[in-house]
$ cat start.txt   # compact mmCIF, C-alpha atoms
# COMPACT_ATOMS: atom_id res chain seq x y z
CA MET C 1 19.44 43.22 273.87
CA ILE C 2 22.10 43.58 276.58
CA LYS C 3 20.26 44.59 279.74
CA ARG C 4 23.15 44.84 282.18
CA ARG C 5 26.90 44.40 282.36
CA ASP C 6 28.23 43.93 285.87
CA GLY C 7 31.77 42.61 285.97
CA ALA C 8 31.66 38.91 285.16
CA LEU C 9 27.90 38.97 284.47
CA THR C 10 26.16 40.08 281.29
CA LEU C 11 22.37 39.88 281.17
CA PHE C 12 20.42 39.76 277.93
CA GLU C 13 16.72 40.62 277.88
CA SER C 14 14.61 39.29 275.03
CA ALA C 15 11.94 41.42 273.40
CA LEU C 16 9.54 38.58 274.25
CA TYR C 17 8.21 38.23 277.79
CA LYS C 18 11.24 40.07 279.20
CA THR C 19 12.95 36.69 279.19
CA MET C 20 16.39 36.81 280.76
CA SER C 21 19.48 35.05 279.43
CA ALA C 22 22.97 35.40 280.87
CA VAL C 23 26.62 34.97 280.05
CA ILE C 24 28.76 34.49 283.14
CA GLU C 25 32.53 34.75 282.90
CA THR C 26 34.76 33.17 285.50
CA GLU C 27 38.50 32.60 285.41
CA ASP C 28 37.81 29.03 284.42
CA ALA C 29 34.69 28.95 282.28
CA ILE C 30 31.96 30.69 280.33
CA ILE C 31 28.45 29.78 281.50
CA ILE C 32 25.58 30.62 279.16
CA VAL C 33 22.16 30.53 280.80
CA ASP C 34 18.91 29.87 278.89
CA PRO C 35 19.96 31.47 275.56
CA CYS C 36 16.75 32.58 273.84
CA TRP C 37 14.30 33.68 272.12
CA LEU C 38 14.40 35.11 268.62
CA PRO C 39 17.01 33.98 266.07
CA HIS C 40 18.92 37.27 266.08
CA GLU C 41 18.84 37.32 269.90
CA VAL C 42 20.33 33.84 270.16
CA GLU C 43 22.97 34.86 267.61
CA GLU C 44 23.88 37.93 269.65
CA ILE C 45 24.35 35.79 272.75
CA ARG C 46 26.40 33.24 270.81
CA LEU C 47 28.70 35.86 269.29
CA TYR C 48 29.19 37.52 272.65
CA ALA C 49 30.02 34.24 274.39
CA ASP C 50 32.48 33.30 271.66
CA LYS C 51 34.12 36.72 271.86
CA VAL C 52 34.73 36.64 275.61
CA ALA C 53 35.58 32.93 275.87
CA ALA C 54 39.28 33.40 275.07
CA GLY C 55 39.88 29.66 275.12
CA ARG C 56 37.87 28.96 278.25
CA PRO C 57 35.45 26.01 278.10
CA LYS C 58 31.80 26.88 277.55
CA TYR C 59 28.81 25.48 279.37
CA VAL C 60 25.12 26.02 278.67
CA LEU C 61 22.91 25.86 281.74
CA PHE C 62 19.18 25.31 281.35
CA THR C 63 17.05 26.26 284.35
CA HIS C 64 14.12 24.14 283.08
CA SER C 65 12.72 22.63 279.90
CA ASP C 66 10.03 25.14 278.90
CA TYR C 67 10.42 25.58 275.17
CA ASP C 68 11.26 29.27 275.36
CA HIS C 69 14.25 28.48 277.58
CA ILE C 70 15.74 25.65 275.51
CA ILE C 71 15.03 27.11 272.08
CA GLY C 72 18.64 28.26 271.58
CA TYR C 73 20.28 24.94 272.41
CA GLY C 74 21.24 24.09 268.83
CA ALA C 75 23.38 27.22 268.56
CA PHE C 76 25.72 26.01 271.33
CA LEU C 77 26.65 22.46 270.42
CA ASP C 78 30.28 23.26 271.24
CA ALA C 79 29.34 23.69 274.90
CA GLU C 80 28.65 21.12 277.60
CA VAL C 81 25.10 21.17 278.97
CA ILE C 82 24.11 21.50 282.62
CA ALA C 83 20.51 20.77 283.67
CA SER C 84 18.41 18.81 286.10
CA ALA C 85 18.22 15.04 285.85
CA ALA C 86 14.47 15.41 285.33
CA LEU C 87 15.09 17.55 282.26
CA ALA C 88 17.64 15.07 280.95
CA ASP C 89 15.44 12.02 281.55
CA LYS C 90 12.26 13.08 279.80
CA ASN C 91 10.96 10.36 277.52
CA SER C 92 10.74 10.71 273.76
CA VAL C 93 7.06 11.69 273.83
CA GLU C 94 7.72 14.49 276.31
CA LYS C 95 10.72 15.74 274.36
CA ASP C 96 8.79 15.69 271.08
CA ALA C 97 5.96 17.69 272.67
CA ILE C 98 8.40 20.43 273.69
CA LEU C 99 10.04 20.48 270.27
CA GLU C 100 6.60 20.72 268.66
CA GLN C 101 5.95 23.86 270.71
CA ILE C 102 9.12 25.34 269.23
CA ARG C 103 8.10 24.36 265.70
CA ASP C 104 4.68 25.88 266.22
CA PHE C 105 6.25 29.11 267.45
CA GLU C 106 8.63 29.20 264.48
CA ASP C 107 5.87 28.62 261.95
CA SER C 108 3.59 31.18 263.57
CA TYR C 109 6.08 33.96 262.87
CA TYR C 110 7.87 32.61 259.76
CA LEU C 111 11.11 32.31 261.71
CA GLU C 112 14.24 30.65 260.34
CA ARG C 113 17.37 29.72 262.24
CA ASP C 114 20.88 28.74 261.20
CA TYR C 115 20.87 25.75 263.55
CA GLU C 116 18.72 22.68 264.00
CA ILE C 117 16.03 22.66 266.67
CA ALA C 118 16.84 19.88 269.12
CA TYR C 119 16.27 18.82 272.71
CA PRO C 120 19.31 19.32 274.97
CA VAL C 121 21.70 16.46 275.53
CA VAL C 122 22.85 16.84 279.12
CA GLN C 123 26.41 16.11 280.26
CA HIS C 124 26.12 17.41 283.85
CA ARG C 125 23.00 16.36 285.78
CA ALA C 126 21.59 17.91 288.95
CA GLU C 127 19.91 15.17 290.96
CA TYR C 128 19.51 16.49 294.53
CA ASP C 129 19.59 19.65 296.62
CA GLY C 130 23.06 20.80 297.55
CA GLN C 131 24.76 18.85 294.76
CA VAL C 132 27.96 20.61 293.71
CA LEU C 133 29.57 20.75 290.29
CA GLN C 134 33.14 21.95 290.61
CA LEU C 135 34.38 23.34 287.35
CA ALA C 136 38.07 24.03 286.80
CA GLY C 137 39.64 26.37 289.34
CA GLU C 138 37.35 28.11 291.83
CA THR C 139 34.12 28.02 289.84
CA LYS C 140 31.53 26.04 291.79
CA LEU C 141 27.87 25.46 290.98
CA THR C 142 25.45 24.32 293.68
CA PHE C 143 22.05 23.02 292.61
CA TYR C 144 18.64 23.00 294.27
CA LEU C 145 15.76 21.24 292.53
CA SER C 146 12.71 23.46 291.93
CA PRO C 147 9.68 21.54 290.64
CA GLY C 148 6.30 23.23 290.69
CA HIS C 149 6.34 25.67 287.80
CA ASN C 150 7.05 22.59 285.72
CA ASP C 151 8.48 19.22 286.75
CA ASP C 152 12.18 19.73 286.05
CA GLY C 153 13.30 23.12 287.30
CA MET C 154 16.48 23.80 289.23
CA TYR C 155 18.08 26.75 290.95
CA THR C 156 21.82 27.23 290.61
CA VAL C 157 24.18 29.21 292.82
CA VAL C 158 27.33 30.28 290.98
CA GLU C 159 30.29 30.81 293.31
CA PRO C 160 32.42 32.67 294.09
CA LEU C 161 30.28 35.28 292.27
CA GLY C 162 27.22 34.81 294.48
CA LEU C 163 24.74 34.58 291.62
CA LEU C 164 21.41 32.78 292.08
CA LEU C 165 19.89 31.60 288.79
CA ALA C 166 16.19 31.18 289.57
CA GLY C 167 14.49 30.15 286.33
CA ASP C 168 10.78 30.96 286.33
CA TYR C 169 10.56 31.85 290.01
CA TRP C 170 10.74 35.08 292.03
CA SER C 171 9.88 37.40 289.15
CA ASP C 172 9.02 41.02 289.83
CA ILE C 173 6.58 41.18 286.89
CA GLU C 174 4.85 37.79 287.06
CA PHE C 175 2.81 36.06 289.73
CA PRO C 176 3.56 32.33 290.02
CA TYR C 177 2.94 30.48 286.76
CA ILE C 178 2.12 26.97 287.96
CA TYR C 179 1.96 24.26 285.33
CA PHE C 180 2.75 21.22 287.49
CA SER C 181 1.98 21.45 291.23
CA SER C 182 1.08 24.27 293.61
CA THR C 183 2.35 22.41 296.67
CA LEU C 184 5.68 21.67 295.01
CA TYR C 185 5.85 25.30 293.90
CA GLU C 186 5.50 26.37 297.55
CA ALA C 187 8.19 23.90 298.58
CA SER C 188 10.50 25.24 295.88
CA ILE C 189 10.10 28.91 296.77
CA SER C 190 10.64 28.05 300.44
CA LYS C 191 14.17 26.98 299.47
CA LEU C 192 15.15 30.64 299.16
CA ASP C 193 15.61 30.64 302.94
CA THR C 194 18.03 27.70 302.78
CA ILE C 195 19.94 29.24 299.88
CA LEU C 196 20.31 32.62 301.57
CA ALA C 197 21.46 30.92 304.78
CA SER C 198 23.96 28.71 302.98
CA HIS C 199 25.43 31.10 300.41
CA SER C 200 26.41 34.72 300.08
CA ILE C 201 23.95 35.72 297.37
CA MET C 202 24.91 38.93 295.58
CA ARG C 203 22.26 38.87 292.84
CA LEU C 204 19.09 36.90 292.11
CA ILE C 205 18.39 36.45 288.39
CA PRO C 206 14.84 35.37 287.46
CA GLY C 207 13.85 33.96 284.09
CA HIS C 208 11.55 36.90 283.39
CA GLY C 209 11.86 40.43 284.72
CA ASN C 210 14.49 42.26 286.69
CA SER C 211 17.36 40.87 288.72
CA THR C 212 17.95 42.19 292.22
CA MET C 213 20.84 42.51 294.65
CA ASP C 214 18.53 43.41 297.55
CA VAL C 215 17.88 40.50 299.92
CA GLY C 216 14.82 42.34 301.20
CA GLU C 217 13.44 42.42 297.67
CA MET C 218 14.17 38.71 297.22
CA LYS C 219 12.17 37.99 300.36
CA ARG C 220 9.39 40.35 299.25
CA ARG C 221 9.00 38.37 296.03
CA GLN C 222 8.94 35.11 297.95
CA THR C 223 6.29 36.45 300.35
CA ALA C 224 4.16 37.76 297.47
CA ASP C 225 4.32 34.37 295.74
CA PHE C 226 3.28 32.53 298.90
CA ALA C 227 0.41 34.98 299.36
CA TYR C 228 -0.83 34.56 295.79
CA ILE C 229 -0.88 30.77 296.07
CA ALA C 230 -2.65 30.79 299.45
CA ALA C 231 -5.25 33.30 298.28
CA MET C 232 -5.87 31.44 295.02
CA ARG C 233 -6.29 28.14 296.83
CA GLU C 234 -8.73 29.68 299.31
CA ALA C 235 -10.77 31.49 296.65
CA VAL C 236 -10.99 28.42 294.41
CA ALA C 237 -12.06 26.25 297.35
CA ALA C 238 -14.79 28.78 298.14
CA GLY C 239 -15.84 29.17 294.51
CA ASP C 240 -15.33 32.93 294.87
CA GLN C 241 -14.68 34.15 291.32
CA ALA C 242 -14.60 37.79 292.37
CA ALA C 243 -11.77 37.06 294.80
CA ILE C 244 -9.92 35.11 292.13
CA ASP C 245 -10.21 37.98 289.67
CA ALA C 246 -9.09 40.50 292.30
CA LEU C 247 -5.77 38.70 292.79
CA ILE C 248 -4.29 40.24 289.64
CA GLU C 249 -5.90 43.68 289.68
CA GLY C 250 -3.34 46.20 288.48
CA CYS C 251 -0.94 43.59 287.09
CA PRO C 252 1.24 44.61 284.12
CA PHE C 253 0.37 43.32 280.65
CA PRO C 254 -3.13 42.33 281.83
CA ARG C 255 -4.43 40.82 278.58
CA ASN C 256 -1.69 38.22 278.58
CA LEU C 257 -1.28 37.65 282.30
CA ARG C 258 -4.99 36.94 282.67
CA LYS C 259 -4.48 33.83 280.52
CA PHE C 260 -1.84 32.49 282.89
CA HIS C 261 -3.99 33.41 285.89
CA LEU C 262 -6.86 31.41 284.37
CA GLY C 263 -4.47 28.51 283.83
CA ASN C 264 -3.56 28.65 287.52
CA GLN C 265 -7.23 28.69 288.49
CA GLN C 266 -7.87 25.58 286.42
CA LEU C 267 -4.88 23.82 287.98
CA PHE C 268 -6.10 24.61 291.51
CA GLU C 269 -9.58 23.38 290.59
CA ARG C 270 -8.06 20.08 289.46
CA GLU C 271 -5.93 19.80 292.59
CA LEU C 272 -8.79 20.61 294.95
CA GLY C 273 -11.17 18.38 293.03
CA GLY C 274 -8.91 15.39 293.55
$ encode --input "start.txt" --output "structure tokens"
Amino acid sequence: MIKRRDGALTLFESALYKTMSAVIETEDAIIIVDPCWLPHEVEEIRLYADKVAAGRPKYVLFTHSDYDHIIGYGAFLDAEVIASAALADKNSVEKDAILEQIRDFEDSYYLERDYEIAYPVVQHRAEYDGQVLQLAGETKLTFYLSPGHNDDGMYTVVEPLGLLLAGDYWSDIEFPYIYFSSTLYEASISKLDTILASHSIMRLIPGHGNSTMDVGEMKRRQTADFAYIAAMREAVAAGDQAAIDALIEGCPFPRNLRKFHLGNQQLFERELGG
């Protein structure tokens, strides 16, 4: 499951959806990012984090509340949780709906875990762009809110390592998956410019797909995402189904990605229909 070891960073890639989890080691802390998916994968991440902790405090950082990203929460109850205020403040109905998605996934594949499924209890809340959480020593986290994909995403810059944790944005294998708002999605991906101008980013880590150290590649992904949204909006407004279908010609994993593309089309139709 380990995808990459690079000094203080270890990336774990799930067998499902190429979902990326991370364990980040600093002098002061262990930061575990979106530990997921399958029971044995979560266990591997947990054992690894425990092994390298060496007495350092542990934190679990959730980039957003999609059920695949919070599914491992119950395995890390000895860690403090970092997430957006919007994730923390969901009401009981919203939380129960996410947990029901997890239960449905578990039942679909006869999965069993050695921890209880639960919604994260957040100790450290990100409420605005540029908010800083200073952990012990030199470890500093800077947050940027990223609604659009869903309503509670956040980007995190981990310094002094120069890591940008992107959640479900800027993937090299997925076009934008937009569940909440296309205009907010555009506003969120535009924040890459601010982040690159304000921080020395050494690696961008998306929630699905490959990380990159190449700023040119980061910008290419941003440009591609803007282009997809603009073309989808234009094609939906024109009722041009052929143009809509053409947007994902040649995409990887076409049988599955077409479902998300259709979901985007339906969202744009709702937005444009008022």
$ closest_residue --input "start.txt" --among "C:Ala246, C:Leu161, C:Met154, C:Leu47" --to "Leu9 (chain C)" --atoms "all atoms listed in the file"
C:Leu161
$ residues_near_point --input "start.txt" --point "(17.7, 24.5, 262.6)" --cutoff "12 Å" --atoms "all atoms listed in the file" --output "list in words"
Pro39, Ile71, Gly72, Tyr73, Gly74, Ala75, Phe76, Leu99, Ile102, Arg103, Glu106, Leu111, Glu112, Arg113, Asp114, Tyr115, Glu116, Ile117, Ala118 and Tyr119 of chain C
$ closest_residue --input "start.txt" --among "C:Glu94, C:Glu186, C:Asp193, C:Glu127" --to "Thr142 (chain C)" --atoms "all atoms listed in the file"
C:Glu127
$ residues_around --input "start.txt" --residues "Glu234 (chain C)" --least-positions-apart "4" --cutoff "10 Å" --atoms "all atoms listed in the file" --output "MDAnalysis selection string"
chainID C and resid 228:230 238:240 243:244 268
$ write_last_selection --input "start.txt" --atoms "C-alpha atoms" --output "mmCIF file, in the frame of the given file"
data_model
loop_
_atom_site.group_PDB
_atom_site.id
_atom_site.type_symbol
_atom_site.label_atom_id
_atom_site.label_comp_id
_atom_site.auth_asym_id
_atom_site.auth_seq_id
_atom_site.Cartn_x
_atom_site.Cartn_y
_atom_site.Cartn_z
ATOM 1 C CA TYR C 228 -0.830 34.560 295.790
ATOM 2 C CA ILE C 229 -0.880 30.770 296.070
ATOM 3 C CA ALA C 230 -2.650 30.790 299.450
ATOM 4 C CA ALA C 238 -14.790 28.780 298.140
ATOM 5 C CA GLY C 239 -15.840 29.170 294.510
ATOM 6 C CA ASP C 240 -15.330 32.930 294.870
ATOM 7 C CA ALA C 243 -11.770 37.060 294.800
ATOM 8 C CA ILE C 244 -9.920 35.110 292.130
ATOM 9 C CA PHE C 268 -6.100 24.610 291.510
#
$ closest_atom_pairs --input "start.txt" --of "region 161-229 of chain C" --to "region 135-140 of chain C" --cutoff "12 Å" --atoms "only C-alpha atoms" --output "tab-separated table"
residue	atom	partner	partner_atom	distance
C:Leu161	CA	C:Thr139	CA	8.6
C:Gly162	CA	C:Lys140	CA	10.1
C:Leu163	CA	C:Lys140	CA	10.9
C:His199	CA	C:Lys140	CA	11.7
$ residues_near_point --input "start.txt" --point "(-11.8, 29.8, 284.3)" --cutoff "12 Å" --atoms "only C-alpha atoms" --output "list in words"
Val236, Gly239, Asp240, Gln241, Ala242, Ile244, Asp245, Arg258, Lys259, Phe260, His261, Leu262, Gly263, Asn264, Gln265, Gln266, Leu267, Phe268, Glu269 and Arg270 of chain C
$ build_atoms --input "start.txt" --residues "region 149-160 of chain C" --atoms "all heavy atoms" --output "tab-separated table (two decimals), keeping the file's coordinate frame"
chain	number	residue	atom	x	y	z
C	149	HIS	N	6.66	24.96	289.05
C	149	HIS	CA	6.34	25.67	287.80
C	149	HIS	C	6.18	24.63	286.69
C	149	HIS	O	5.17	24.60	285.99
C	149	HIS	CB	7.46	26.66	287.48
C	149	HIS	CG	7.40	27.20	286.09
C	149	HIS	ND1	6.45	28.09	285.67
C	149	HIS	CD2	8.17	26.95	284.99
C	149	HIS	CE1	6.62	28.38	284.39
C	149	HIS	NE2	7.66	27.69	283.96
C	150	ASN	N	7.19	23.83	286.49
C	150	ASN	CA	7.05	22.59	285.72
C	150	ASN	C	7.70	21.48	286.54
C	150	ASN	O	7.92	21.66	287.74
C	150	ASN	CB	7.61	22.73	284.30
C	150	ASN	CG	9.12	22.78	284.25
C	150	ASN	OD1	9.80	22.86	285.29
C	150	ASN	ND2	9.70	22.73	283.07
C	151	ASP	N	8.01	20.35	285.95
C	151	ASP	CA	8.48	19.22	286.75
C	151	ASP	C	9.99	19.08	286.80
C	151	ASP	O	10.49	18.15	287.45
C	151	ASP	CB	7.86	17.91	286.25
C	151	ASP	CG	8.28	17.56	284.83
C	151	ASP	OD1	8.81	18.44	284.12
C	151	ASP	OD2	8.07	16.40	284.41
C	152	ASP	N	10.74	19.98	286.16
C	152	ASP	CA	12.18	19.73	286.05
C	152	ASP	C	13.05	20.97	286.30
C	152	ASP	O	14.19	21.03	285.85
C	152	ASP	CB	12.51	19.13	284.68
C	152	ASP	CG	12.12	20.02	283.50
C	152	ASP	OD1	12.07	21.25	283.66
C	152	ASP	OD2	11.87	19.47	282.42
C	153	GLY	N	12.52	21.92	287.04
C	153	GLY	CA	13.30	23.12	287.30
C	153	GLY	C	14.43	22.90	288.28
C	153	GLY	O	14.43	21.94	289.07
C	154	MET	N	15.42	23.80	288.21
C	154	MET	CA	16.48	23.80	289.23
C	154	MET	C	16.99	25.22	289.41
C	154	MET	O	17.02	26.02	288.48
C	154	MET	CB	17.63	22.86	288.85
C	154	MET	CG	18.52	23.37	287.73
C	154	MET	SD	19.93	22.28	287.43
C	154	MET	CE	20.85	23.28	286.23
C	155	TYR	N	17.34	25.52	290.65
C	155	TYR	CA	18.08	26.75	290.95
C	155	TYR	C	19.57	26.41	290.93
C	155	TYR	O	19.98	25.29	291.27
C	155	TYR	CB	17.75	27.27	292.35
C	155	TYR	CG	16.29	27.46	292.66
C	155	TYR	CD1	15.77	26.99	293.87
C	155	TYR	CD2	15.44	28.13	291.79
C	155	TYR	CE1	14.44	27.18	294.20
C	155	TYR	CE2	14.11	28.33	292.12
C	155	TYR	CZ	13.61	27.85	293.32
C	155	TYR	OH	12.29	28.04	293.64
C	156	THR	N	20.37	27.41	290.59
C	156	THR	CA	21.82	27.23	290.61
C	156	THR	C	22.47	28.43	291.27
C	156	THR	O	22.16	29.58	290.92
C	156	THR	CB	22.39	27.08	289.18
C	156	THR	OG1	21.75	25.98	288.53
C	156	THR	CG2	23.89	26.84	289.23
C	157	VAL	N	23.35	28.17	292.21
C	157	VAL	CA	24.18	29.21	292.82
C	157	VAL	C	25.56	29.11	292.19
C	157	VAL	O	26.19	28.05	292.20
C	157	VAL	CB	24.28	29.03	294.34
C	157	VAL	CG1	25.20	30.10	294.94
C	157	VAL	CG2	22.89	29.10	294.99
C	158	VAL	N	26.03	30.22	291.62
C	158	VAL	CA	27.33	30.28	290.98
C	158	VAL	C	28.29	30.98	291.94
C	158	VAL	O	28.11	32.16	292.26
C	158	VAL	CB	27.27	31.05	289.65
C	158	VAL	CG1	28.64	31.04	288.97
C	158	VAL	CG2	26.22	30.44	288.72
C	159	GLU	N	29.28	30.24	292.39
C	159	GLU	CA	30.29	30.81	293.31
C	159	GLU	C	31.66	30.75	292.65
C	159	GLU	O	31.92	29.88	291.82
C	159	GLU	CB	30.27	30.00	294.62
C	159	GLU	CG	28.97	30.19	295.37
C	159	GLU	CD	28.85	29.30	296.60
C	159	GLU	OE1	29.16	28.09	296.49
C	159	GLU	OE2	28.45	29.82	297.65
C	160	PRO	N	32.52	31.72	292.98
C	160	PRO	CA	32.42	32.67	294.09
C	160	PRO	C	31.68	33.96	293.77
C	160	PRO	O	31.75	34.92	294.55
C	160	PRO	CB	33.89	32.97	294.39
C	160	PRO	CG	34.56	32.88	293.05
C	160	PRO	CD	33.86	31.77	292.33
